[in-house]
Each structure stands twice: as C-alpha cells, then as structure tokens.
Amino acid sequence: METDKVRSRQKGQKVKVCGRPKGAKLTTIGLPKKHVPNTKPTPFTKKYYITKENIIIEWLINKNVVDQIHRNNYKIGESDIKCEPNKICSGIFENDVDVNSIKQYCTESA
C-alpha cells in the first residue's frame, strides 16, 4: 500500500532561478567579499579639472613646484619651465589637453 502512495506521488517541476547565486557576495566562511575597485585607468578628458591642471604642470615643470603652487600661491616663472624638448612629456601635444587652463598659475612672462 505504501509503495502505491510513493508511486502515485509526482515530482515537482524544476523552478528556474533568476538573478545571481545566493552566496555570490560572500566568502566560503560567510563573510562579505572585499570589493575590488575598478582598475581601469581614467581617460584624461574625464579626470577632475584640478587633477588635469596638476598633470599638465608636472609635464612642464618639477613635481615639487606643483605642491608650492597650491600651498603658497606660487606663480610659475619662465625659469621654472623645462626648455628641453626631450624632457617635456609628449602628452601635452594632444588635442584634449588645454594648456590655457594653467594660465592662472603662471606669470605674464611665462
């Protein structure tokens, strides 16, 4: 009699599961996984304007002077600019780079 009940009982239909697996955001012991930051480099055009200005200034002069510009309101003079073409970064010649954005940090002669 019990075998008839077992035979008459039907299996349930398989349910499709949507979305991510339940434990995808957890480690093996149940702790939340560490978030890995986006490692792709940001294009120059999408960088913050102050970051762009700092990069352009670093291409033209020493990195030490960049700190002085923001801390001490230092103005870039003609003597600070690298005059040798080999020492200037080639990125400054790109169309996306606006050299006029650093005019406020320069003296009239520079």
# chains A, B, ... in the order shown; residues from 1 in each chain; ligands from 1
$ residues_around --residues "region 54-61 of chain A" --least-positions-apart "2" --cutoff "6 Å" --atoms "only C-alpha atoms" --output "list in words"
Thr51, Lys52, Lys63, Ile81, Lys82, Ile88 and Cys89 of chain A
$ select_by_dssp --residues "chain A" --states "alpha helix (DSSP H)" --output "PyMOL selection string"
chain A and resi 2-8+49-60+63-72
$ atom_distance --atom1 "CA of Ile50 (chain A)" --atom2 "CA of Gly77 (chain A)"
19.8 Å
$ closest_residue --among "A:Glu84, A:Asp96, A:Glu53, A:Glu78" --to "Ser109 (chain A)" --atoms "only C-alpha atoms"
A:Glu78
$ atom_distance --atom1 "CA of Ile76 (chain A)" --atom2 "CA of Val97 (chain A)"
18.5 Å
$ closest_residue --among "A:Pro85, A:Tyr105, A:Asn38, A:Lys14" --to "Gln68 (chain A)" --atoms "only C-alpha atoms"
A:Tyr105
$ atom_distance --atom1 "CA of Val36 (chain A)" --atom2 "CA of Gly23 (chain A)"
17.1 Å
